[in-house]
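K.L.:
Structure file upload01.cif (mmCIF, C-alpha atoms and all ligand atoms) right here:
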data_entry
#
loop_
_atom_site.label_atom_id
_atom_site.label_comp_id
_atom_site.auth_asym_id
_atom_site.auth_seq_id
_atom_site.Cartn_x
_atom_site.Cartn_y
_atom_site.Cartn_z
CA MET A 1 0.57 -16.47 8.97
CA ALA A 2 -3.04 -16.46 7.74
CA GLU A 3 -4.63 -13.05 7.72
CA GLN A 4 -7.14 -12.47 10.53
CA LYS A 5 -10.40 -11.84 8.71
CA TYR A 6 -13.02 -11.91 11.45
CA GLN A 7 -13.21 -9.41 14.28
CA PRO A 8 -15.88 -9.74 16.97
CA THR A 9 -17.96 -6.56 16.99
CA ALA A 10 -18.88 -4.97 20.32
CA ARG A 11 -22.51 -4.64 19.20
CA ARG A 12 -22.85 -8.34 18.61
CA ALA A 13 -21.22 -9.38 21.87
CA ALA A 14 -23.38 -6.99 23.90
CA SER A 15 -26.70 -8.07 22.42
CA PRO A 16 -27.15 -11.85 22.39
CA ARG A 17 -30.21 -11.90 20.15
CA SER A 18 -30.65 -13.38 16.74
CA ALA A 19 -31.67 -11.24 13.82
CA ARG A 20 -35.34 -12.09 14.35
CA GLY A 21 -35.23 -11.11 18.02
CA ALA A 22 -35.29 -14.56 19.64
CA THR A 23 -33.01 -14.91 22.64
CA ILE A 24 -30.03 -17.14 21.95
CA THR A 25 -28.24 -19.16 24.59
CA VAL A 26 -25.05 -17.56 25.83
CA PRO A 27 -22.49 -20.29 26.50
CA ALA A 28 -20.53 -20.30 29.75
CA GLY A 29 -17.65 -17.90 29.39
CA GLY A 30 -19.68 -15.53 27.15
CA LEU A 31 -19.49 -14.94 23.39
CA ALA A 32 -16.20 -13.12 23.25
CA ASP A 33 -13.91 -16.15 22.91
CA ARG A 34 -16.16 -18.18 20.66
CA GLY A 35 -15.25 -18.23 16.99
CA PRO A 36 -15.85 -17.59 14.27
CA ALA A 37 -16.80 -14.02 15.09
CA ALA A 38 -18.82 -11.72 12.86
CA PRO A 39 -17.15 -10.59 9.64
CA PRO A 40 -16.60 -6.86 9.30
CA ASP A 41 -19.65 -5.05 8.00
CA ARG A 42 -19.51 -5.07 4.22
CA ILE A 43 -19.37 -1.80 2.36
CA ALA A 44 -21.04 -1.50 -1.02
CA ALA A 45 -18.32 -1.54 -3.68
CA ASP A 46 -19.55 1.75 -5.15
CA ALA A 47 -19.25 3.40 -1.74
CA VAL A 48 -15.52 2.63 -1.45
CA ASP A 49 -13.33 5.69 -1.98
CA LEU A 50 -10.71 4.78 -4.61
CA SER A 51 -9.59 8.33 -5.37
CA VAL A 52 -5.88 9.12 -5.28
CA ASP A 53 -4.12 12.47 -5.12
CA LEU A 54 -0.88 12.57 -7.12
CA GLY A 55 -0.18 16.20 -6.29
CA ARG A 56 -0.55 19.59 -7.99
CA GLY A 57 -4.31 19.09 -8.31
CA LEU A 58 -4.10 15.75 -10.15
CA VAL A 59 -6.70 13.63 -8.35
CA LEU A 60 -7.46 10.34 -10.09
CA PRO A 61 -10.86 8.66 -9.65
CA ASN A 62 -9.15 5.36 -8.90
CA PRO A 63 -5.62 3.92 -8.69
CA ILE A 64 -5.67 1.73 -11.84
CA LEU A 65 -3.87 3.36 -14.78
CA VAL A 66 -2.82 2.04 -18.16
CA ALA A 67 0.90 2.10 -18.94
CA SER A 68 2.58 4.05 -21.71
CA GLY A 69 3.08 2.20 -24.99
CA THR A 70 0.46 -0.44 -24.24
CA PHE A 71 -2.77 1.55 -24.72
CA GLY A 72 -1.91 3.80 -27.66
CA TYR A 73 -3.56 7.21 -27.27
CA GLY A 74 -6.64 5.66 -25.66
CA VAL A 75 -8.83 6.31 -28.71
CA GLU A 76 -7.87 2.94 -30.23
CA TYR A 77 -9.62 1.16 -27.37
CA GLY A 78 -12.82 3.24 -27.27
CA ASP A 79 -14.95 0.41 -28.70
CA VAL A 80 -13.77 -2.32 -26.33
CA VAL A 81 -12.96 -0.52 -23.08
CA GLU A 82 -14.95 1.96 -20.98
CA VAL A 83 -11.97 4.31 -20.94
CA ASP A 84 -13.73 6.77 -18.62
CA ARG A 85 -13.65 4.16 -15.87
CA LEU A 86 -9.83 4.07 -15.77
CA GLY A 87 -7.83 5.97 -13.17
CA ALA A 88 -5.73 7.58 -15.92
CA ILE A 89 -4.24 6.86 -19.32
CA CYS A 90 -0.50 7.23 -19.94
CA CYS A 91 -0.30 7.70 -23.69
CA LYS A 92 2.43 6.43 -26.02
CA GLY A 93 5.87 8.00 -25.69
CA THR A 94 5.85 11.43 -27.37
CA THR A 95 8.89 13.25 -28.72
CA LEU A 96 9.54 16.71 -30.14
CA LYS A 97 9.79 15.49 -33.73
CA ALA A 98 8.11 12.46 -35.34
CA ARG A 99 10.03 9.20 -35.00
CA ILE A 100 9.74 6.13 -37.22
CA GLY A 101 11.03 3.81 -34.51
CA ASN A 102 13.54 0.96 -34.60
CA PRO A 103 14.15 -1.62 -37.35
CA THR A 104 12.07 -4.79 -37.21
CA PRO A 105 11.65 -7.28 -35.62
CA ARG A 106 10.61 -5.17 -32.65
CA VAL A 107 8.91 -7.61 -30.31
CA THR A 108 9.33 -11.18 -29.19
CA GLU A 109 7.77 -13.32 -26.49
CA THR A 110 9.89 -14.46 -23.56
CA PRO A 111 9.07 -16.80 -20.68
CA ALA A 112 6.45 -14.90 -18.63
CA GLY A 113 6.89 -11.69 -20.59
CA MET A 114 7.97 -9.98 -23.77
CA LEU A 115 10.85 -7.95 -25.18
CA ASN A 116 10.09 -4.82 -27.19
CA SER A 117 12.24 -2.34 -29.06
CA ILE A 118 9.57 -0.13 -30.61
CA GLY A 119 11.94 2.82 -30.42
CA LEU A 120 9.37 5.49 -29.55
CA GLN A 121 7.60 5.50 -32.90
CA ASN A 122 5.25 8.50 -32.72
CA PRO A 123 4.07 11.44 -34.84
CA GLY A 124 5.68 14.13 -32.65
CA VAL A 125 4.17 16.36 -30.00
CA ASP A 126 2.42 18.85 -32.29
CA ALA A 127 0.58 16.10 -34.17
CA VAL A 128 -0.34 14.38 -30.89
CA ILE A 129 -1.86 17.62 -29.59
CA GLU A 130 -3.68 18.26 -32.85
CA LYS A 131 -5.07 14.73 -33.26
CA TYR A 132 -5.88 13.68 -29.72
CA ALA A 133 -6.09 16.53 -27.18
CA ALA A 134 -9.56 17.65 -28.29
CA ILE A 135 -10.83 14.07 -27.85
CA TRP A 136 -9.15 13.70 -24.45
CA GLN A 137 -10.81 16.93 -23.36
CA THR A 138 -14.23 15.30 -23.75
CA TRP A 139 -13.23 12.36 -21.52
CA LYS A 140 -13.55 12.15 -17.75
CA VAL A 141 -10.38 10.06 -17.52
CA PRO A 142 -7.20 12.13 -17.09
CA VAL A 143 -4.64 11.60 -19.85
CA LEU A 144 -0.96 11.89 -18.96
CA VAL A 145 1.34 12.44 -21.91
CA ASN A 146 4.45 10.27 -21.73
CA VAL A 147 7.36 12.45 -22.88
CA ALA A 148 10.71 11.26 -24.21
CA GLY A 149 13.75 13.07 -25.62
CA GLU A 150 17.45 12.95 -26.33
CA SER A 151 18.42 16.21 -24.63
CA VAL A 152 17.18 18.42 -21.83
CA HIS A 153 16.11 20.87 -24.52
CA ASP A 154 13.91 18.19 -26.18
CA TYR A 155 12.09 17.44 -22.93
CA VAL A 156 11.64 21.10 -22.05
CA GLU A 157 10.30 21.98 -25.49
CA VAL A 158 7.77 19.12 -25.48
CA ALA A 159 6.64 20.07 -21.96
CA ARG A 160 6.32 23.72 -22.97
CA ARG A 161 4.08 22.78 -25.91
CA LEU A 162 1.88 20.57 -23.72
CA ASP A 163 1.55 23.20 -21.00
CA GLY A 164 -1.97 24.59 -20.82
CA VAL A 165 -3.35 22.36 -23.61
CA PRO A 166 -6.93 21.40 -22.70
CA GLY A 167 -7.17 17.60 -22.46
CA VAL A 168 -3.63 17.15 -21.15
CA ALA A 169 -3.85 16.36 -17.43
CA GLY A 170 -0.16 15.89 -16.75
CA ILE A 171 3.21 14.66 -17.95
CA GLU A 172 4.98 11.38 -17.33
CA LEU A 173 8.67 11.82 -18.15
CA ASN A 174 10.26 8.76 -19.70
CA ILE A 175 13.90 9.39 -18.84
CA SER A 176 15.10 5.93 -19.98
CA CYS A 177 16.40 7.58 -23.15
CA PRO A 178 19.99 8.08 -24.27
CA ASN A 179 21.20 11.59 -23.49
CA VAL A 180 22.93 12.53 -26.73
CA GLY A 181 24.78 15.38 -25.03
CA ALA A 182 26.24 12.97 -22.46
CA GLY A 183 27.51 10.44 -25.01
CA GLY A 184 24.34 8.34 -25.05
CA LEU A 185 24.22 7.70 -21.29
CA GLN A 186 20.60 7.34 -20.16
CA PHE A 187 19.17 10.18 -18.05
CA ALA A 188 17.56 7.56 -15.81
CA ILE A 189 20.76 5.90 -14.66
CA ASP A 190 22.46 8.99 -13.30
CA ALA A 191 21.09 10.98 -10.34
CA GLY A 192 22.59 14.24 -11.62
CA ALA A 193 21.13 13.91 -15.13
CA ALA A 194 17.76 12.70 -13.80
CA GLY A 195 17.57 15.67 -11.43
CA GLU A 196 18.67 18.12 -14.12
CA VAL A 197 16.04 17.09 -16.68
CA THR A 198 13.32 17.00 -14.00
CA ALA A 199 14.20 20.50 -12.75
CA ALA A 200 14.27 21.89 -16.29
CA VAL A 201 10.84 20.45 -17.13
CA ARG A 202 9.50 21.62 -13.76
CA ARG A 203 10.47 25.17 -14.70
CA ALA A 204 8.82 24.83 -18.14
CA THR A 205 5.35 23.74 -17.04
CA ASP A 206 2.84 23.89 -14.21
CA LEU A 207 1.37 20.53 -15.28
CA PRO A 208 1.51 17.69 -12.74
CA LEU A 209 4.86 16.00 -13.34
CA LEU A 210 5.47 12.29 -12.90
CA VAL A 211 8.94 10.87 -13.59
CA LYS A 212 9.41 7.24 -14.56
CA LEU A 213 12.26 5.27 -12.99
CA SER A 214 14.39 2.73 -14.82
CA PRO A 215 15.20 -0.54 -13.04
CA ASN A 216 18.52 -0.75 -14.89
CA VAL A 217 20.54 0.85 -12.08
CA ALA A 218 22.60 -0.32 -9.12
CA ASP A 219 20.73 1.74 -6.51
CA ILE A 220 17.44 3.49 -7.21
CA ARG A 221 17.36 5.58 -4.04
CA PRO A 222 19.74 8.47 -4.89
CA ILE A 223 18.05 8.77 -8.30
CA ALA A 224 14.56 8.81 -6.76
CA ARG A 225 15.70 11.46 -4.26
CA ALA A 226 17.28 13.65 -6.96
CA ILE A 227 14.05 13.57 -8.99
CA ALA A 228 11.89 14.37 -5.95
CA ASP A 229 14.21 17.19 -4.89
CA ALA A 230 14.03 18.61 -8.43
CA GLY A 231 10.28 19.12 -8.09
CA ALA A 232 8.54 16.01 -9.46
CA ASP A 233 5.05 15.52 -8.07
CA ALA A 234 5.20 11.70 -8.23
CA LEU A 235 7.38 8.82 -9.37
CA THR A 236 6.32 5.94 -11.58
CA ALA A 237 8.28 2.67 -11.49
CA ILE A 238 9.37 0.69 -13.39
CA ASN A 239 10.19 1.02 -17.05
CA THR A 240 11.36 -2.14 -18.83
CA LEU A 241 14.51 -4.12 -18.01
CA SER A 242 17.19 -4.17 -20.69
CA GLY A 243 17.53 -7.54 -22.42
CA ILE A 244 18.24 -9.35 -25.67
CA ALA A 245 16.99 -12.47 -27.45
CA VAL A 246 18.88 -14.65 -29.93
CA ALA A 247 17.63 -15.16 -33.50
CA PRO A 248 16.84 -18.63 -34.89
CA GLY A 249 20.11 -20.10 -36.23
CA ARG A 250 21.98 -18.27 -33.45
CA ARG A 251 24.02 -16.05 -35.77
CA ARG A 252 22.76 -12.74 -34.41
CA PRO A 253 20.48 -11.20 -31.79
CA LEU A 254 16.81 -11.41 -32.74
CA LEU A 255 15.59 -7.81 -32.40
CA GLY A 256 16.47 -5.36 -35.15
CA ASN A 257 17.74 -3.00 -32.46
CA VAL A 258 19.64 -5.84 -30.69
CA TYR A 259 18.43 -4.57 -27.28
CA GLY A 260 14.84 -4.61 -26.09
CA GLY A 261 12.90 -3.89 -22.92
CA LEU A 262 11.61 -6.82 -20.89
CA SER A 263 8.11 -6.47 -19.45
CA GLY A 264 5.29 -8.66 -18.13
CA PRO A 265 4.99 -10.94 -15.09
CA ALA A 266 8.71 -11.79 -15.28
CA VAL A 267 9.62 -8.29 -14.07
CA LYS A 268 7.17 -8.04 -11.16
CA PRO A 269 9.63 -9.01 -8.38
CA VAL A 270 12.08 -6.38 -9.66
CA ALA A 271 9.32 -3.78 -9.80
CA LEU A 272 8.24 -4.65 -6.25
CA ARG A 273 11.80 -4.20 -5.02
CA VAL A 274 12.28 -0.86 -6.80
CA VAL A 275 8.95 0.48 -5.49
CA TYR A 276 9.75 -0.77 -1.97
CA GLU A 277 13.08 1.07 -2.02
CA ALA A 278 11.85 4.25 -3.74
CA VAL A 279 8.88 4.65 -1.39
CA GLN A 280 11.24 4.69 1.58
CA ALA A 281 13.58 7.18 -0.07
CA VAL A 282 11.10 9.95 -0.99
CA ARG A 283 7.99 11.66 0.33
CA ILE A 284 6.18 12.01 -2.99
CA PRO A 285 3.69 9.33 -4.19
CA VAL A 286 4.97 6.33 -6.15
CA VAL A 287 2.91 4.64 -8.88
CA ALA A 288 3.92 1.02 -9.53
CA ILE A 289 4.24 -0.68 -12.94
CA GLY A 290 5.53 -4.12 -13.83
CA GLY A 291 3.78 -7.39 -14.50
CA VAL A 292 0.32 -6.58 -13.16
CA MET A 293 -1.95 -9.44 -14.30
CA GLU A 294 -4.55 -9.72 -11.54
CA LEU A 295 -5.88 -8.15 -8.34
CA ALA A 296 -3.26 -9.94 -6.20
CA ASP A 297 -0.54 -8.04 -8.09
CA VAL A 298 -2.30 -4.72 -7.40
CA LEU A 299 -2.56 -5.58 -3.70
CA ASP A 300 1.15 -6.55 -3.58
CA PHE A 301 2.22 -3.21 -5.07
CA LEU A 302 -0.03 -1.28 -2.68
CA ALA A 303 1.43 -3.30 0.22
CA VAL A 304 4.98 -2.15 -0.64
CA GLY A 305 3.83 1.46 -0.62
CA ALA A 306 2.60 2.30 -4.12
CA VAL A 307 -0.48 4.55 -4.14
CA ALA A 308 -1.57 3.33 -7.58
CA VAL A 309 -0.56 0.87 -10.31
CA GLN A 310 -0.32 0.87 -14.08
CA VAL A 311 -1.23 -2.14 -16.21
CA GLY A 312 0.96 -2.64 -19.28
CA THR A 313 1.81 -5.84 -21.16
CA ALA A 314 -1.27 -7.66 -19.82
CA ILE A 315 -3.43 -5.29 -21.90
CA PHE A 316 -2.21 -6.99 -25.10
CA ALA A 317 -3.84 -10.22 -23.89
CA ASP A 318 -6.94 -8.58 -22.37
CA PRO A 319 -7.67 -4.86 -22.86
CA THR A 320 -10.63 -5.10 -20.45
CA LEU A 321 -8.38 -6.11 -17.53
CA PRO A 322 -7.68 -2.61 -16.11
CA VAL A 323 -11.38 -1.69 -15.76
CA ARG A 324 -12.09 -5.11 -14.24
CA LEU A 325 -9.32 -4.48 -11.69
CA VAL A 326 -11.05 -1.23 -10.66
CA ASP A 327 -14.20 -3.24 -9.85
CA GLU A 328 -12.26 -6.03 -8.16
CA LEU A 329 -10.33 -3.59 -5.97
CA ALA A 330 -13.55 -1.87 -4.89
CA GLY A 331 -15.15 -5.27 -4.24
CA GLU A 332 -12.17 -6.43 -2.17
CA CYS A 333 -12.26 -3.27 -0.04
CA GLY A 334 -16.03 -3.62 0.38
CA ARG A 335 -15.71 -7.25 1.52
CA ARG A 336 -13.09 -6.21 4.07
CA GLY A 337 -15.36 -3.42 5.36
CA MET A 338 -12.97 -0.69 4.16
CA THR A 339 -14.44 2.65 3.12
CA SER A 340 -11.19 3.53 1.31
CA TYR A 341 -8.46 1.47 -0.37
CA ARG A 342 -5.85 3.58 1.38
CA ASP A 343 -5.48 1.21 4.33
CA LEU A 344 -3.98 -1.30 1.87
CA ILE A 345 -1.02 0.99 1.17
CA GLY A 346 2.32 0.25 2.84
CA THR A 347 1.29 -2.73 4.97
CA ALA A 348 4.44 -4.65 3.96
CA LEU A 349 6.84 -1.77 4.60
CA PRO A 350 9.17 -1.88 7.62
CA LYS A 351 7.59 -0.42 10.73
CA LYS A 352 8.64 3.18 11.52
CA SER A 353 10.84 1.98 14.40
CA GLU A 354 12.89 -0.22 12.06
CA ARG A 355 15.83 1.12 10.06
CA PRO A 356 15.06 1.91 6.41
CA SER A 357 15.51 -1.26 4.36
CA SER A 358 18.88 -1.94 2.83
CA LYS A 359 17.99 -5.53 1.94
CA GLY A 360 17.77 -4.87 -1.79
CA VAL A 361 21.38 -3.75 -1.74
CA GLU A 362 22.49 -6.67 0.46
CA TYR A 363 20.95 -9.17 -1.94
CA ARG A 364 22.72 -7.87 -5.02
CA PRO A 365 25.50 -10.14 -6.27
C1 LIG A 401 5.28 -2.41 -26.45
C2 LIG A 401 5.67 -1.52 -25.30
C3 LIG A 401 5.88 -0.18 -25.52
C4 LIG A 401 6.26 0.67 -24.47
N1 LIG A 401 6.44 1.99 -24.70
C5 LIG A 401 6.75 2.83 -23.67
C6 LIG A 401 6.88 4.23 -23.88
O1 LIG A 401 6.70 4.75 -25.00
N2 LIG A 401 7.21 5.03 -22.81
C7 LIG A 401 7.41 4.48 -21.56
O2 LIG A 401 7.69 5.23 -20.62
N3 LIG A 401 7.25 3.16 -21.33
C8 LIG A 401 6.94 2.32 -22.35
N4 LIG A 401 6.77 0.97 -22.11
C9 LIG A 401 6.99 0.44 -20.75
C10 LIG A 401 5.66 0.25 -20.03
O3 LIG A 401 4.96 1.46 -19.89
C11 LIG A 401 5.90 -0.38 -18.62
O4 LIG A 401 6.69 0.50 -17.87
C12 LIG A 401 6.59 -1.72 -18.69
O5 LIG A 401 6.13 -2.47 -19.80
C13 LIG A 401 6.38 -2.56 -17.42
O6 LIG A 401 5.02 -2.83 -17.18
P1 LIG A 401 4.29 -4.20 -17.64
O7 LIG A 401 5.14 -5.34 -17.17
O8 LIG A 401 2.94 -4.16 -16.99
O9 LIG A 401 4.22 -4.15 -19.13
C14 LIG A 401 6.41 0.12 -23.16
C15 LIG A 401 6.19 -1.24 -22.94
C16 LIG A 401 5.81 -2.06 -23.99
C17 LIG A 401 5.56 -3.53 -23.71
#
Show me this structure written as structure tokens.
P.N.:
Amino acid sequence: MAEQKYQPTARRAASPRSARGATITVPAGGLADRGPAAPPDRIAADAVDLSVDLGRGLVLPNPILVASGTFGYGVEYGDVVEVDRLGAICCKGTTLKARIGNPTPRVTETPAGMLNSIGLQNPGVDAVIEKYAAIWQTWKVPVLVNVAGESVHDYVEVARRLDGVPGVAGIELNISCPNVGAGGLQFAIDAGAAGEVTAAVRRATDLPLLVKLSPNVADIRPIARAIADAGADALTAINTLSGIAVAPGRRRPLLGNVYGGLSGPAVKPVALRVVYEAVQAVRIPVVAIGGVMELADVLDFLAVGAVAVQVGTAIFADPTLPVRLVDELAGECGRRGMTSYRDLIGTALPKKSERPSSKGVEYRP
């Protein structure tokens, strides 16, 4: 059904005068049933409140973030993007020790997306702090350090080193990593392991703690609940979907690491479903990621209950997109007469009287 855009205002119906004061003819039956009625009063875009509270004092100026691994450490984009206009930056995945990453090739295009197997190439947490934290401290935009590891100890140690560092606004835990202690099983696919690593990091730092969900699971809800119960301040969803591509000649998989992570518009429906389910399972805020290309995608993620979104793969095609989305979101709210974007959140969720959705489970083959 088309959205109802025009609401008659009481002021207009009560005062049948044109703007210049001339009396206008009131038709039989009055003005109330005559369309189209007056549009809602516009709000100036810069008067729309886009701020979002992710907990533990982390209040972002707006709900458009850039996703880990797609915006470097932010400094690389300083010449082309007004980084201070972003809601937050999630920096590249950071580990305890430097990592050289996976063998090449590491990326390939796919229909409506890409596969990557970068393998968390990074200089290690100490070098990240030394090289970038002082720069981040001079920025208005909060920087969240994306943390990865192969054991609970790794995560805890990285979090401990980031704790209290000026310029570090929070941590986003990337738990889609093989847990060496558990035979290479990913933390993100097991509620017990996800809860355990979250609780351990929670004890190690007072920084705002976001935990990133993997879509590569049968049911996201017990995992989301375990992470929330373990003390995370917010969830982010989703990381990439596991996939492979075949090399030319078809004698082996294409990526040096065989497996890669699928991202881009192709994953958006999966991300929408995961966010929709996670939002109904926990009481902490959920930040959506997956295939955001335009304002309509942002509005879709807000409608299924996300409080904010991250832009990832689309940045490779257009690094200016995230800042433009901030303006477009404010403009959209202003046009609709909304003083805050918050009324856009959760409009597509089941009404309170309905049972929590189990549709995602029903639809699985
Ligand atoms: C090249 C590349 C590198 C990435 N590196 C990381 C990373 O280090 N840590 C992480 O949590 N997610 C990483 N991601 C996943 C993204 O942050 C995001 O969750 C995913 O790409 C889905 O969003 P998108 O479809 O908008 O790209 C990476 C994605 C890409 C494409």
K.L.:
Please report as a Markdown table every residue of chain A lying within 6 Å of ligand LIG 401 (chain A), along with the nearest atom pair and their distance in Å (one decimal), using all atoms listed in the file.
P.N.:
| residue | atom | partner | partner_atom | distance |
| --- | --- | --- | --- | --- |
| A:Ala67 | CA | A:LIG401 | O3 | 4.2 |
| A:Ser68 | CA | A:LIG401 | O3 | 4.0 |
| A:Gly69 | CA | A:LIG401 | N1 | 3.4 |
| A:Thr70 | CA | A:LIG401 | C2 | 5.4 |
| A:Lys92 | CA | A:LIG401 | O1 | 4.7 |
| A:Gly93 | CA | A:LIG401 | O1 | 3.4 |
| A:Asn116 | CA | A:LIG401 | C1 | 5.4 |
| A:Leu120 | CA | A:LIG401 | O1 | 5.3 |
| A:Asn174 | CA | A:LIG401 | O2 | 4.5 |
| A:Ile238 | CA | A:LIG401 | O4 | 5.2 |
| A:Asn239 | CA | A:LIG401 | O4 | 3.6 |
| A:Thr240 | CA | A:LIG401 | C12 | 4.8 |
| A:Ser263 | CA | A:LIG401 | O7 | 3.9 |
| A:Gly264 | CA | A:LIG401 | O7 | 3.5 |
| A:Pro265 | CA | A:LIG401 | O7 | 6.0 |
| A:Ile289 | CA | A:LIG401 | O6 | 4.8 |
| A:Gly290 | CA | A:LIG401 | O7 | 3.6 |
| A:Gly291 | CA | A:LIG401 | O7 | 3.6 |
| A:Val292 | CA | A:LIG401 | O8 | 5.2 |
| A:Val311 | CA | A:LIG401 | O8 | 4.7 |
| A:Gly312 | CA | A:LIG401 | O8 | 3.4 |
| A:Thr313 | CA | A:LIG401 | O9 | 3.6 |
K.L.:
Quick one: distance from CA of Asp154 (chain A) to CA of Ile189 (chain A) in Å, one decimal?
P.N.:
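According to the coordinates, CA of Asp154 (chain A) and CA of Ile189 (chain A) are separated by 18.2 Å.
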K.L.:
Excluding Glu109 (chain A) and its own-chain neighbours fewer than 3 positions away, which residues fall within 12 Å of it when counting all atoms listed in the file? Please give them as a ChimeraX atom specification.
P.N.:
/A:105-106,112-116,244-246,254-255,260-266,313,316
K.L.:
Taking (-0.3, 1.4, 1.3) in the file's coordinates as the center, which residues reach within 7 Å of it, counting only C-alpha atoms, put as an NGL selection string?
P.N.:
:A and (302-307 or 342-347)
K.L.:
Distance CA of Ser214 (chain A)-CA of Leu321 (chain A), one decimal place?
P.N.:
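Going from CA of Ser214 (chain A) over to CA of Leu321 (chain A), I get 24.6 Å.
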K.L.:
Just to confirm, what's the straight-line distance from CA of Asp318 (chain A) to CA of Pro269 (chain A) in Å (one decimal)?
P.N.:
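The value is 21.7 Å.
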K.L.:
Here is a test: counting only C-alpha atoms, which residue of A:Val217, A:Leu210, A:Ala169, A:Val81 is nearest to Ala188 (chain A)?
P.N.:
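Smallest distance to Ala188 (chain A) is found for A:Val217.
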K.L.:
Would you kindly identify which residues have an atom no farther than 10 Å from (11.2, 6.2, 3.3), using only C-alpha atoms and the file's own coordinates, and write them out as a list of chain:residue names?
P.N.:
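Within 10 Å of (11.2, 6.2, 3.3), the protein and nucleic acid residues are A:Arg221, A:Tyr276, A:Glu277, A:Ala278, A:Val279, A:Gln280, A:Ala281, A:Val282, A:Arg283, A:Ile284, A:Gly305, A:Leu349, A:Pro350, A:Lys352, A:Arg355, A:Pro356, A:Ser357.
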K.L.:
Do a neighbour search on Val147 (chain A) at 8 Å with only C-alpha atoms, toss out local chain neighbours closer than 5 positions, and write the hits as a list in words.
P.N.:
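After dropping sequence-adjacent residues, the list is Gly93, Thr94, Thr95, Tyr155, Val158, Ala159, Ile171, Glu172, Leu173 and Asn174 of chain A.
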K.L.:
Since we have the selection now, will you write its residues out, keeping C-alpha atoms, as a compact mmCIF listing (two decimals), in the frame of the given file?
P.N.:
# COMPACT_ATOMS: atom_id res chain seq x y z
CA GLY A 93 5.87 8.00 -25.69
CA THR A 94 5.85 11.43 -27.37
CA THR A 95 8.89 13.25 -28.72
CA TYR A 155 12.09 17.44 -22.93
CA VAL A 158 7.77 19.12 -25.48
CA ALA A 159 6.64 20.07 -21.96
CA ILE A 171 3.21 14.66 -17.95
CA GLU A 172 4.98 11.38 -17.33
CA LEU A 173 8.67 11.82 -18.15
CA ASN A 174 10.26 8.76 -19.70
K.L.:
Pick out the residues sitting within 9 Å of region 72-78 of chain A, and hand them over as a list of chain:residue names; count all atoms listed in the file, and ignore anything fewer than 3 positions along from it in its own chain.
P.N.:
A:Ser68, A:Gly69, A:Val81, A:Glu82, A:Val83, A:Ile89, A:Cys90, A:Cys91, A:Lys92, A:Val128, A:Tyr132, A:Ile135, A:Trp136, A:Val143, A:Val145, A:Pro319
K.L.:
Ranking A:Arg161, A:Arg203, A:Arg252, A:Lys351 by minimum distance to Ile129 (chain A) and counting only C-alpha atoms, which one comes first?
P.N.:
A:Arg161
K.L.:
Rank nothing, just name the residue among A:Pro208, A:Gly181, A:Pro123, A:Gly243 nearest to Leu162 (chain A), using only C-alpha atoms.
P.N.:
A:Pro208
K.L.:
With all atoms listed in the file as the atoms that count, which of A:Ala314, A:Ile64, A:Val309, A:Val326 lies nearest to Met293 (chain A)?
P.N.:
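For Met293 (chain A), the nearest of the given residues is A:Ala314.
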